[in-house]
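K.L.:
My structure is below; once you've seen it, I'll send some questions.
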Amino acid sequence: MHLSTRRRRLAGGLAFITATALALTGCSPIGADGGTSDSSEPIRIGATIPLSGTLAGFGSFLQWGYQHAVDEVNAAGGIMIDGTAREVELTLVDDKSDPNEVTSSIKTLISSTKVDALLGSCTPDLVNPGAVVADSQGVPFVAECTPIEVFKSVKEWTYAWDIFFSVADQAVAPFEALEANGIETNKQVFILHDNGPDGQAIGNEIWPVVAAEQGYTVAGNIEFPADNTDFSAAIQKAKESGADIVLISSITPAAISIRKQMAAIGWTPKVIVAEKGAEPVQFAEALGDLADGIIVGAYWDPSFGYPGAEELKDAFESETGLTSSQHIADSYTAAMVLMDAIAAAGSLDKDEINDAIGETDGIYAVGPVKFDDEHAAKIPVVSSQWQDGVPIIVWPTEQATGDFLFPVP
Amino acid sequence: MNSIDPVGLANTVLGGALLGGLIALSAVGLSLVLGVMKLVNLMHGQIVVLGAYAAFYLAAFWGISPLLALPIVFVLGFAFTAPVQHFILAPVAKHGEEAGLLTTFALAIILENLFIRFFSGDSRSLDTAFSRETLAIGPINLPTIYLIGFAISLTVCLAVWMLVTRTSFGRSLRASSEDPISAAIVGIHVSRVRWGTFALNGGLASMGGVLIALCFSFTPSSGSEYLLTAFAIIVLGGLGNIMGTFVGGIALGVIQSLGAYFFGDGYRTFVGLVMLIILLAIAPNGILKRRRSL
Amino acid sequence: MKNGISILLSRIATPTRVGPRDFIIVAVLAAIAFAVPYFAGTYQQEVGFRILQLGALAAAWNIAAGYTGLVSLGSAAFFGIGVYTMAIASNAGLPIALCVVLAAGVAGLFALIVSPALFRLRGLYFTVGTLALAEAMRIFVVNSPWFGGQAGIYLTARAPKAYDLYWIALLIAVFVVVCVLLLLRSRWSYRMQAVRDDEDVASQLGVRTYRTKLWAFGLSGALIAIVGSIQALNQGIVQPNGGFGMSWTIDIVSVAIIGGMGTKVGPWVGAVFIVLLGEFLIQFPEIHLAVVGVVLVLVIRFMPNGIWGTLTLALQKNRNFS
């Protein structure tokens with residue numbers, strides 16, 4: 001008896017709750033709300049950047065580039081929206097180099113900070129998750145630091161844009177550099193690449209094809225996971241192959257380990273190309289003179305003479321006391337492209353900003369920027385070579401800032 | 001492309017053996033801690049990383065060569081871990097084994113984030129004059145640094161073995177490990193022995209970190225990998241068995257190198273981990289019952 | 001295998017009485033939570049999603065760790081299985097609901113496959129084994145040619161709205177809670193707690209320890225995978241370092257310990273605590289995780305039963321005195 005009354009009461013309660021729930025389903029939940037258009041409010045731009053974790057090496061440059069662009073625009077009086085000048089407010093969040101953090105932080109930036117537009121993190125691992133969220137929620141998103149082929153391959157973008165170089169151009173550059181500088185080798189290349197999105201593209205698809213086109217033979221091709229640390233087996237095989245040229249595509253810790261372990265088994269290939277990983281200054285700092293002669297694709301040097309390039313480098317070095325990196329140029333450019341588009345739109349309507357981004361056509365600190373149908377703006381690639389801790393441009397010849405060092409000492 | 005070249009294979013196996021012996025130094029202390037304190041020390045990897053950073057900054061600021069810095073790093077590691085045991089781990093011991101394990105897990109999180117905060121996320125590496133030299137034995141080329149590291153690791157392991165088997169501290173340590181209650185009754189300061197063991201482990205692991213960083217680059221987040229490698233080694237070598245740990249290191253090095261040679265470098269760690277799980281499983285009744293004399 | 005936490009836990013968690021009252025409380029709370037998207041904005045819905053996600057994960061983990069003594073640091077493996085199953089199955093055109101069920105199935109199967117090796121390990125060694133297992137899974141997915149490598153997989157399914165995600169998470173959270181309550185009402189709970197308190201004695205008393213552990217571990221893993229499958233929808237793109245990342249294990253363990261292992265309510269208290277702490281510390285990203293670590297150390301030392309466990313013990317004491 002007792003039990004059955006209880007049961008009945010339980011059933012009654014459940015019925016009540018279900019009824020309330022059903023009544024509620026009649027209304028509609030609160031979805032994404034539009035940004036504020038109060039003219040006293042600042043224009044809000046947000047981004048996640050890797051300030052900790054494995055990709056932290058990039059984060060500080062992006063942080064500086066974004067902040068510097070925003071400070072410049074604010075110093076010049078902000079951006080005119082509907083006839084009133086408004087300040088730009090930049091919110092940067094650490095994504096800890098973790099894709100999950102990118103997703104949740106971008107969502108928070110959209111829903112809580114109520115950003116009007118977003119800038120990207122660095123590397124496809126961290127850019128793509130952010131771009132996917134921004135694209136599905138209709139918030140303009142300008143990224144750099146992700147090769148355009150990798151960016152395009154994810155999906156057909158509506159609100160996300162990418163300004164960077166092309167992996168295909170990057171893959172050809174070292175061969176062009178060898179050719180233009182009249183370097184003689186046995187024309188055999190050995191490829192070592194990680195299985196990150198760009199590593200797979202360049203190592204499995206592009207390099208083998210380009211090598212064949214340029215009259216080189218691929219003596220071997222080994223893939224490894226991006227966070228690998230021990231490469232002795234791969235290097236052993238590369239050495240046995242007798243190739244003069246080693247092509248590496250990896251993140252920086254891997255590139256450092258590979259070079260160290262080559263030295264450890266006493267093997268110095270005549271030409272070493274280390275894409276991506278050899279690019280930051282910390283690569284050269286960690287390796288010292290072992291970095292000499294290593295070739296890496298680059299896309300910017302202040303000497304290229306794009307507007308504001310020299311000033312940008314000087315500002316970075318005087319403010320931070322650190323050696324500049326090309327990432328200050330592309331992050332600065334991405335922020336400028338976005339803010340120019342907001343100014344051109346003259347409104348904080350996300351679709352209008354997005355359309356204005358698509359119409360970008362100008363020369364920025366990193367070079368000319370114009371987006372193609374697939375939302376990517378390609379910036380030209382050059383070849384640089386580490387010499388005494390400094391990257392020297394060795395190709396194209398007209399932009400060269402020094403002589404080609406051959407063979408690797 | 002994948003035909004087996006006997007010289008290359010021999011090179012790989014020998015290199016792996018040397019490297020494994022070298023890495024064994026970072027595992028010896030873990031084995032002692034597990035055996036004596038019944039503590040799964042999940043912050044072990046971070047102590048290894050700490051040693052690497054200590055050597056890195058000693059070299060950067062005072063120009064001390066990493067190999068010469070080894071004794072200093074040992075002292076630093078010892079001095080850092082002793083208070084951790086005294087103030088943090090000892091008080092939770094009464095809550096049981098899991099409390100200690102989870103506390104070290106939390107300490108690992110704290111340390112890793114402090115490394116990122118203070119040393120930045122950049123990858124670092126240690127350098128010496130030997131880092132780039134090789135020793136040719138016939139057609140086989142071995143990195144000099146592997147040989148030096150192997151020799152140092154062997155020497156230290158022998159010293160620890162002597163300490164445990166030939167000294168009064170070692171006797172107390174073995175007694176505390178076998179039966180802490182009886183040990184306390186016969187007048188051994190069990191808590192002091194535990195304190196000494198944990199700090200000794202701190203010093204040894206830090207030195208192991210220096211040797212590892214001489215061969216590879218490291219980042220603030222390298223710790224968990226070092227922890228699992230160290231576990232694989234002590235399981236292979238037998239719990240609490242010091243020279244066994246050294247041999248276990250060599251065995252793991254060879255197994256991993258063979259795995260890497262045939263499946264690719266990416267599978268190096270994978271092969272080690274699968275080995276660890278299988279070994280843990282086939283050791284009768286878990287390895288806990290295999291309490292060998294130290 | 002004696003161990004202190006378990007002994008302490010058995011004081012508060014053994015024969016947990018689960019009556020109709022518990023189900024009514026859950027239903028009322030669920031109804032209130034259901035209404036949240038009608039009066040709270042997108043941001044609150046997202047925070048709610050994270051609380052439900054972490055709470056469900058910790059409650060699922062608790063089935064194995066808290067009630068059965070199988071303290072696993074391999075949660076990331078099950079979570080990742082859920083993430084990838086959703087990505088692959090939904091891209092193959094299967095309906096979302098079926099993908100979720102599939103995720104649970106694959107995770108259960110995985111538990112079955114690894115159990116012969118893992119269950120030979122007792123206590124702390126089990127913990128180390130699961131840690132190795134999770135790391136092995138991550139490396140395998142990174143390396144193997146079938147799962148898109150480091151690049152991962154993009155989900156072609158349309159991204160759900162914040163409130164859709166919230167409701168899905170709520171549904172799953174309720175499902176996990178009901179599973180836990182039903183489990184605690186059943187005979188299984190006695191077997192599980194017997195295994196936790198002393199496996200050898202349990203075995204002598206006629207408990208089929210292997211089967212009990214497998215059910216607990218498999219159910220726990222399957223539920224974790226279900227939550228993981230929703231994370232794939234949340235992200236829209238899955239990658240090995242995200243799906244199989246150690247950060248999931250860290251989050252789950254932190255939530256469960258801070259809230260209270262082996263308690264019904266603890267995981268949810270812990271989830272609210274951790275998520276709100278994260279939101280509070282958003283201005284100080286560099287110390288966020290370190291603070292979580294410090295809180296963990298303090299909780300283990302001074303409140304070994306977690307926030308909820310300590311609270312209930314204190315209440316019981318009070319009642320006994322009065």
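Please note that chains go A, B, ... in the order of the structure tokens, that every chain numbers its residues from 1, and that ligands are numbered from 1 in the order shown.
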Give the residues of chain B that lie within 8 Å of chain A; count only C-alpha atoms, and format the answer as a VMD selection string.

P.N.:
chain B and resid 1 8 12 116 to 117 120 to 125 131 to 134 141 to 145 215 to 221 257 260 to 261 264 to 266

K.L.:
Based on the selection just made, write C-alpha atoms of those residues as a PDB file, in the first residue's frame.

P.N.:
ATOM      1  CA  MET B   1      63.135   0.993 -50.209  1.00  0.00           C
ATOM      2  CA  GLY B   8      72.014  -0.251 -40.547  1.00  0.00           C
ATOM      3  CA  THR B  12      70.112   0.745 -34.825  1.00  0.00           C
ATOM      4  CA  ILE B 116      55.612  26.888 -19.087  1.00  0.00           C
ATOM      5  CA  ARG B 117      55.180  30.038 -17.047  1.00  0.00           C
ATOM      6  CA  SER B 120      58.338  29.450 -21.824  1.00  0.00           C
ATOM      7  CA  GLY B 121      56.956  26.712 -24.056  1.00  0.00           C
ATOM      8  CA  ASP B 122      59.991  26.800 -26.349  1.00  0.00           C
ATOM      9  CA  SER B 123      61.785  23.565 -27.009  1.00  0.00           C
ATOM     10  CA  ARG B 124      65.305  23.506 -25.617  1.00  0.00           C
ATOM     11  CA  SER B 125      68.253  21.206 -25.929  1.00  0.00           C
ATOM     12  CA  SER B 131      77.139  16.019 -28.881  1.00  0.00           C
ATOM     13  CA  ARG B 132      78.238  16.007 -32.483  1.00  0.00           C
ATOM     14  CA  GLU B 133      81.028  13.472 -32.455  1.00  0.00           C
ATOM     15  CA  THR B 134      80.759   9.877 -33.441  1.00  0.00           C
ATOM     16  CA  ASN B 141      78.886   4.702 -36.201  1.00  0.00           C
ATOM     17  CA  LEU B 142      77.812   5.402 -32.655  1.00  0.00           C
ATOM     18  CA  PRO B 143      77.214   8.834 -31.197  1.00  0.00           C
ATOM     19  CA  THR B 144      79.905   9.593 -28.627  1.00  0.00           C
ATOM     20  CA  ILE B 145      77.315  11.176 -26.375  1.00  0.00           C
ATOM     21  CA  CYS B 215      70.355  13.593 -26.958  1.00  0.00           C
ATOM     22  CA  PHE B 216      66.903  15.073 -27.640  1.00  0.00           C
ATOM     23  CA  SER B 217      65.148  18.382 -27.431  1.00  0.00           C
ATOM     24  CA  PHE B 218      62.745  18.852 -24.534  1.00  0.00           C
ATOM     25  CA  THR B 219      59.775  21.066 -23.712  1.00  0.00           C
ATOM     26  CA  PRO B 220      57.859  21.776 -20.489  1.00  0.00           C
ATOM     27  CA  SER B 221      55.383  19.069 -21.537  1.00  0.00           C
ATOM     28  CA  SER B 257      64.750   0.806 -31.862  1.00  0.00           C
ATOM     29  CA  ALA B 260      61.145   2.127 -35.001  1.00  0.00           C
ATOM     30  CA  TYR B 261      63.350   0.493 -37.624  1.00  0.00           C
ATOM     31  CA  GLY B 264      58.886   3.909 -38.435  1.00  0.00           C
ATOM     32  CA  ASP B 265      60.022   6.256 -35.707  1.00  0.00           C
ATOM     33  CA  GLY B 266      56.439   7.163 -34.903  1.00  0.00           C
TER      34      GLY B 266
END

K.L.:
Please list as a PyMOL selection string every residue within 12 Å of Ser144 in chain C, counting only C-alpha atoms and excluding residues in the same chain fewer than 3 positions away.

P.N.:
(chain A and resi 195+223-225) or (chain B and resi 263-264+266-267+270) or (chain C and resi 136-141+147-152+240)

K.L.:
Each residue of chain B lying at most 9 Å from chain C should get a row with its shortest atom-to-atom pair and the distance in Å to one decimal, counting only C-alpha atoms; could you produce that, ordered by chain and increasing number, as JSON lines?

P.N.:
{"residue": "B:Lys38", "atom": "CA", "partner": "C:Leu124", "partner_atom": "CA", "distance": 8.9}
{"residue": "B:Leu39", "atom": "CA", "partner": "C:Leu124", "partner_atom": "CA", "distance": 8.4}
{"residue": "B:Val40", "atom": "CA", "partner": "C:Leu124", "partner_atom": "CA", "distance": 6.8}
{"residue": "B:Leu42", "atom": "CA", "partner": "C:Val128", "partner_atom": "CA", "distance": 9.0}
{"residue": "B:Ile88", "atom": "CA", "partner": "C:Val297", "partner_atom": "CA", "distance": 8.0}
{"residue": "B:Leu89", "atom": "CA", "partner": "C:Arg301", "partner_atom": "CA", "distance": 8.9}
{"residue": "B:Pro91", "atom": "CA", "partner": "C:Arg301", "partner_atom": "CA", "distance": 7.2}
{"residue": "B:Val92", "atom": "CA", "partner": "C:Arg301", "partner_atom": "CA", "distance": 5.5}
{"residue": "B:Ala93", "atom": "CA", "partner": "C:Gly4", "partner_atom": "CA", "distance": 8.7}
{"residue": "B:Lys94", "atom": "CA", "partner": "C:Gly4", "partner_atom": "CA", "distance": 6.9}
{"residue": "B:His95", "atom": "CA", "partner": "C:Gly4", "partner_atom": "CA", "distance": 4.7}
{"residue": "B:Gly96", "atom": "CA", "partner": "C:Gly4", "partner_atom": "CA", "distance": 3.7}
{"residue": "B:Glu97", "atom": "CA", "partner": "C:Asn3", "partner_atom": "CA", "distance": 5.9}
{"residue": "B:Glu98", "atom": "CA", "partner": "C:Ile5", "partner_atom": "CA", "distance": 6.6}
{"residue": "B:Ala99", "atom": "CA", "partner": "C:Ile300", "partner_atom": "CA", "distance": 6.4}
{"residue": "B:Gly100", "atom": "CA", "partner": "C:Ile300", "partner_atom": "CA", "distance": 8.7}
{"residue": "B:Leu101", "atom": "CA", "partner": "C:Leu124", "partner_atom": "CA", "distance": 8.0}
{"residue": "B:Leu102", "atom": "CA", "partner": "C:Ile300", "partner_atom": "CA", "distance": 7.8}
{"residue": "B:Thr103", "atom": "CA", "partner": "C:Val297", "partner_atom": "CA", "distance": 5.5}
{"residue": "B:Thr104", "atom": "CA", "partner": "C:Val297", "partner_atom": "CA", "distance": 8.4}
{"residue": "B:Phe105", "atom": "CA", "partner": "C:Gly293", "partner_atom": "CA", "distance": 8.4}
{"residue": "B:Ala106", "atom": "CA", "partner": "C:Gly293", "partner_atom": "CA", "distance": 4.7}
{"residue": "B:Leu107", "atom": "CA", "partner": "C:Gly293", "partner_atom": "CA", "distance": 6.4}
{"residue": "B:Ala108", "atom": "CA", "partner": "C:Gly293", "partner_atom": "CA", "distance": 8.1}
{"residue": "B:Ile109", "atom": "CA", "partner": "C:Gly293", "partner_atom": "CA", "distance": 5.8}
{"residue": "B:Ile110", "atom": "CA", "partner": "C:Ala290", "partner_atom": "CA", "distance": 4.3}
{"residue": "B:Leu111", "atom": "CA", "partner": "C:Ala290", "partner_atom": "CA", "distance": 7.5}
{"residue": "B:Glu112", "atom": "CA", "partner": "C:Ala290", "partner_atom": "CA", "distance": 8.2}
{"residue": "B:Asn113", "atom": "CA", "partner": "C:Ala290", "partner_atom": "CA", "distance": 5.7}
{"residue": "B:Leu114", "atom": "CA", "partner": "C:Ala290", "partner_atom": "CA", "distance": 7.0}
{"residue": "B:Ile116", "atom": "CA", "partner": "C:Glu286", "partner_atom": "CA", "distance": 8.0}
{"residue": "B:Arg117", "atom": "CA", "partner": "C:Glu286", "partner_atom": "CA", "distance": 6.2}
{"residue": "B:Glu225", "atom": "CA", "partner": "C:Glu135", "partner_atom": "CA", "distance": 8.7}
{"residue": "B:Leu228", "atom": "CA", "partner": "C:Ala132", "partner_atom": "CA", "distance": 6.6}
{"residue": "B:Phe231", "atom": "CA", "partner": "C:Val128", "partner_atom": "CA", "distance": 8.1}
{"residue": "B:Gly266", "atom": "CA", "partner": "C:Asn143", "partner_atom": "CA", "distance": 6.4}
{"residue": "B:Tyr267", "atom": "CA", "partner": "C:Asn143", "partner_atom": "CA", "distance": 7.3}
{"residue": "B:Thr269", "atom": "CA", "partner": "C:Ala136", "partner_atom": "CA", "distance": 7.8}
{"residue": "B:Phe270", "atom": "CA", "partner": "C:Ala136", "partner_atom": "CA", "distance": 5.4}
{"residue": "B:Val271", "atom": "CA", "partner": "C:Ala136", "partner_atom": "CA", "distance": 8.4}
{"residue": "B:Gly272", "atom": "CA", "partner": "C:Ala136", "partner_atom": "CA", "distance": 8.8}
{"residue": "B:Leu273", "atom": "CA", "partner": "C:Ala132", "partner_atom": "CA", "distance": 5.8}
{"residue": "B:Val274", "atom": "CA", "partner": "C:Ala136", "partner_atom": "CA", "distance": 6.9}
{"residue": "B:Leu276", "atom": "CA", "partner": "C:Ala132", "partner_atom": "CA", "distance": 7.6}
{"residue": "B:Ile277", "atom": "CA", "partner": "C:Gly129", "partner_atom": "CA", "distance": 5.9}
{"residue": "B:Ile278", "atom": "CA", "partner": "C:Ala117", "partner_atom": "CA", "distance": 6.5}
{"residue": "B:Leu279", "atom": "CA", "partner": "C:Ala117", "partner_atom": "CA", "distance": 8.8}
{"residue": "B:Leu280", "atom": "CA", "partner": "C:Leu121", "partner_atom": "CA", "distance": 6.8}
{"residue": "B:Ala281", "atom": "CA", "partner": "C:Ala117", "partner_atom": "CA", "distance": 4.6}
{"residue": "B:Ile282", "atom": "CA", "partner": "C:Ala117", "partner_atom": "CA", "distance": 7.6}
{"residue": "B:Ala283", "atom": "CA", "partner": "C:Arg120", "partner_atom": "CA", "distance": 8.5}
{"residue": "B:Pro284", "atom": "CA", "partner": "C:Arg120", "partner_atom": "CA", "distance": 8.2}
{"residue": "B:Asn285", "atom": "CA", "partner": "C:Arg120", "partner_atom": "CA", "distance": 6.3}
{"residue": "B:Gly286", "atom": "CA", "partner": "C:Leu121", "partner_atom": "CA", "distance": 5.0}
{"residue": "B:Ile287", "atom": "CA", "partner": "C:Leu121", "partner_atom": "CA", "distance": 7.9}
{"residue": "B:Leu288", "atom": "CA", "partner": "C:Tyr125", "partner_atom": "CA", "distance": 8.0}

K.L.:
Would you mind exporting C-alpha atoms of the selected residues as a PDB file, in the first residue's frame?

P.N.:
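As written to disk, out31.pdb reads:
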ATOM      1  CA  LYS B  38      54.732   1.944  -2.454  1.00  0.00           C
ATOM      2  CA  LEU B  39      54.194   5.236  -4.200  1.00  0.00           C
ATOM      3  CA  VAL B  40      53.410   5.571  -7.894  1.00  0.00           C
ATOM      4  CA  LEU B  42      53.347  10.522 -11.346  1.00  0.00           C
ATOM      5  CA  ILE B  88      53.175  17.363   0.908  1.00  0.00           C
ATOM      6  CA  LEU B  89      53.431  13.617   0.397  1.00  0.00           C
ATOM      7  CA  PRO B  91      51.003  13.935   5.425  1.00  0.00           C
ATOM      8  CA  VAL B  92      48.672  12.307   2.877  1.00  0.00           C
ATOM      9  CA  ALA B  93      50.248   8.862   3.208  1.00  0.00           C
ATOM     10  CA  LYS B  94      47.719   8.008   5.921  1.00  0.00           C
ATOM     11  CA  HIS B  95      44.906   8.402   3.377  1.00  0.00           C
ATOM     12  CA  GLY B  96      46.260   5.426   1.444  1.00  0.00           C
ATOM     13  CA  GLU B  97      48.173   4.674  -1.721  1.00  0.00           C
ATOM     14  CA  GLU B  98      45.773   6.403  -4.053  1.00  0.00           C
ATOM     15  CA  ALA B  99      46.011   9.662  -2.162  1.00  0.00           C
ATOM     16  CA  GLY B 100      49.767   9.725  -2.763  1.00  0.00           C
ATOM     17  CA  LEU B 101      49.341   8.830  -6.421  1.00  0.00           C
ATOM     18  CA  LEU B 102      46.736  11.512  -7.010  1.00  0.00           C
ATOM     19  CA  THR B 103      48.785  14.080  -5.112  1.00  0.00           C
ATOM     20  CA  THR B 104      51.787  13.441  -7.347  1.00  0.00           C
ATOM     21  CA  PHE B 105      49.410  13.689 -10.318  1.00  0.00           C
ATOM     22  CA  ALA B 106      48.365  17.147  -9.114  1.00  0.00           C
ATOM     23  CA  LEU B 107      51.981  18.120  -8.470  1.00  0.00           C
ATOM     24  CA  ALA B 108      52.815  17.059 -12.026  1.00  0.00           C
ATOM     25  CA  ILE B 109      50.143  19.431 -13.356  1.00  0.00           C
ATOM     26  CA  ILE B 110      51.446  22.256 -11.180  1.00  0.00           C
ATOM     27  CA  LEU B 111      55.082  21.722 -12.168  1.00  0.00           C
ATOM     28  CA  GLU B 112      54.346  21.463 -15.872  1.00  0.00           C
ATOM     29  CA  ASN B 113      52.463  24.751 -15.806  1.00  0.00           C
ATOM     30  CA  LEU B 114      55.138  26.447 -13.756  1.00  0.00           C
ATOM     31  CA  ILE B 116      55.612  26.888 -19.087  1.00  0.00           C
ATOM     32  CA  ARG B 117      55.180  30.038 -17.047  1.00  0.00           C
ATOM     33  CA  GLU B 225      56.542  10.649 -22.000  1.00  0.00           C
ATOM     34  CA  LEU B 228      55.880   6.172 -19.158  1.00  0.00           C
ATOM     35  CA  PHE B 231      57.709   2.759 -16.032  1.00  0.00           C
ATOM     36  CA  GLY B 266      56.439   7.163 -34.903  1.00  0.00           C
ATOM     37  CA  TYR B 267      55.867   3.694 -33.499  1.00  0.00           C
ATOM     38  CA  THR B 269      56.964   4.927 -28.162  1.00  0.00           C
ATOM     39  CA  PHE B 270      53.911   2.903 -29.179  1.00  0.00           C
ATOM     40  CA  VAL B 271      55.935  -0.309 -29.243  1.00  0.00           C
ATOM     41  CA  GLY B 272      57.285   0.563 -25.797  1.00  0.00           C
ATOM     42  CA  LEU B 273      53.824   1.216 -24.363  1.00  0.00           C
ATOM     43  CA  VAL B 274      52.269  -1.910 -25.803  1.00  0.00           C
ATOM     44  CA  LEU B 276      54.573  -2.230 -21.014  1.00  0.00           C
ATOM     45  CA  ILE B 277      50.914  -3.258 -20.994  1.00  0.00           C
ATOM     46  CA  ILE B 278      51.649  -6.803 -22.132  1.00  0.00           C
ATOM     47  CA  LEU B 279      54.429  -7.197 -19.599  1.00  0.00           C
ATOM     48  CA  LEU B 280      52.298  -5.836 -16.814  1.00  0.00           C
ATOM     49  CA  ALA B 281      49.662  -8.343 -17.793  1.00  0.00           C
ATOM     50  CA  ILE B 282      51.771 -11.468 -18.117  1.00  0.00           C
ATOM     51  CA  ALA B 283      53.840 -10.916 -15.006  1.00  0.00           C
ATOM     52  CA  PRO B 284      52.153 -13.379 -12.627  1.00  0.00           C
ATOM     53  CA  ASN B 285      49.588 -11.738 -10.334  1.00  0.00           C
ATOM     54  CA  GLY B 286      50.788  -8.343 -11.396  1.00  0.00           C
ATOM     55  CA  ILE B 287      54.313  -7.369 -10.646  1.00  0.00           C
ATOM     56  CA  LEU B 288      53.532  -6.424  -7.095  1.00  0.00           C
TER      57      LEU B 288
END

K.L.:
Quick check, in Å to one decimal: how far apart do CA of Ile23 in chain B and CA of Ser75 in chain C lie?

P.N.:
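For CA of Ile23 in chain B relative to CA of Ser75 in chain C, the distance reads 28.0 Å.
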
K.L.:
What's around Glu46 in chain C at 12 Å? Count only C-alpha atoms, leave out sequence neighbours fewer than 2 positions away in its own chain, and write the answer as JSON, numbers by chain.

P.N.:
{"A": [31, 32, 103, 104, 105, 106, 107, 108, 109, 110, 111, 112], "C": [36, 37, 40, 41, 42, 43, 44, 48, 49, 50, 51, 52, 53, 161, 162, 163, 164, 165, 166, 167, 169, 170, 234, 275, 276, 279]}

K.L.:
Report, in Å to a single decimal, how far apart CA of Ile137 in chain B and CA of Pro6 in chain B are.

P.N.:
14.6 Å

K.L.:
In Å, with one decimal, what is the gap from CA of Pro407 in chain A to CA of Asp198 in chain A?

P.N.:
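Going from CA of Pro407 in chain A over to CA of Asp198 in chain A, I get 27.4 Å.
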
K.L.:
Would you mind telling me which residue in A:Val172, A:Ile49, A:Val93, A:Val210 lies nearest to chain C when using only C-alpha atoms?

P.N.:
A:Val93

K.L.:
Range 111-291 of chain B: which residues are alpha helix (DSSP H) by DSSP, as a count of residues only?

P.N.:
128

K.L.:
Can you list, as a VMD selection string, all residues belonging to range 163-205 of chain A that DSSP tags as strand (DSSP E)?

P.N.:
chain A and resid 163 to 164 188 to 194

K.L.:
Write out as a PyMOL selection string the residues lying within 7 Å of range 349-359 of chain A, counting only C-alpha atoms and excluding same-chain residues fewer than 5 positions away.

P.N.:
chain A and resi 116+139-140+159+338+341-342+344+371

K.L.:
Residues of the last selection are to be written out with N, CA and C atoms, as a PDB file, in the first residue's frame.

P.N.:
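Resulting contents of again.pdb:
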ATOM      1  N   ASP A 116      32.948  41.247 -32.541  1.00  0.00           N
ATOM      2  CA  ASP A 116      32.391  41.551 -33.856  1.00  0.00           C
ATOM      3  C   ASP A 116      33.122  40.764 -34.933  1.00  0.00           C
ATOM      4  N   VAL A 139      30.616  34.507 -37.821  1.00  0.00           N
ATOM      5  CA  VAL A 139      31.467  35.605 -37.360  1.00  0.00           C
ATOM      6  C   VAL A 139      32.702  35.676 -38.264  1.00  0.00           C
ATOM      7  N   PRO A 140      32.977  36.853 -38.857  1.00  0.00           N
ATOM      8  CA  PRO A 140      34.147  36.964 -39.740  1.00  0.00           C
ATOM      9  C   PRO A 140      35.425  36.578 -38.994  1.00  0.00           C
ATOM     10  N   TYR A 159      32.731  32.424 -43.781  1.00  0.00           N
ATOM     11  CA  TYR A 159      33.134  33.553 -42.953  1.00  0.00           C
ATOM     12  C   TYR A 159      34.619  33.518 -42.582  1.00  0.00           C
ATOM     13  N   LEU A 338      41.555  42.931 -41.471  1.00  0.00           N
ATOM     14  CA  LEU A 338      40.246  42.865 -40.811  1.00  0.00           C
ATOM     15  C   LEU A 338      39.746  44.267 -40.461  1.00  0.00           C
ATOM     16  N   ALA A 341      38.659  46.214 -43.385  1.00  0.00           N
ATOM     17  CA  ALA A 341      37.367  45.750 -43.875  1.00  0.00           C
ATOM     18  C   ALA A 341      36.233  46.308 -43.027  1.00  0.00           C
ATOM     19  N   ILE A 342      36.454  46.366 -41.694  1.00  0.00           N
ATOM     20  CA  ILE A 342      35.419  46.929 -40.825  1.00  0.00           C
ATOM     21  C   ILE A 342      35.212  48.402 -41.191  1.00  0.00           C
ATOM     22  N   ALA A 344      35.843  49.765 -44.102  1.00  0.00           N
ATOM     23  CA  ALA A 344      35.205  49.837 -45.423  1.00  0.00           C
ATOM     24  C   ALA A 344      33.708  49.558 -45.316  1.00  0.00           C
ATOM     25  N   PHE A 371      42.025  38.026 -51.865  1.00  0.00           N
ATOM     26  CA  PHE A 371      41.517  36.673 -51.630  1.00  0.00           C
ATOM     27  C   PHE A 371      40.986  36.049 -52.912  1.00  0.00           C
TER      28      PHE A 371
END
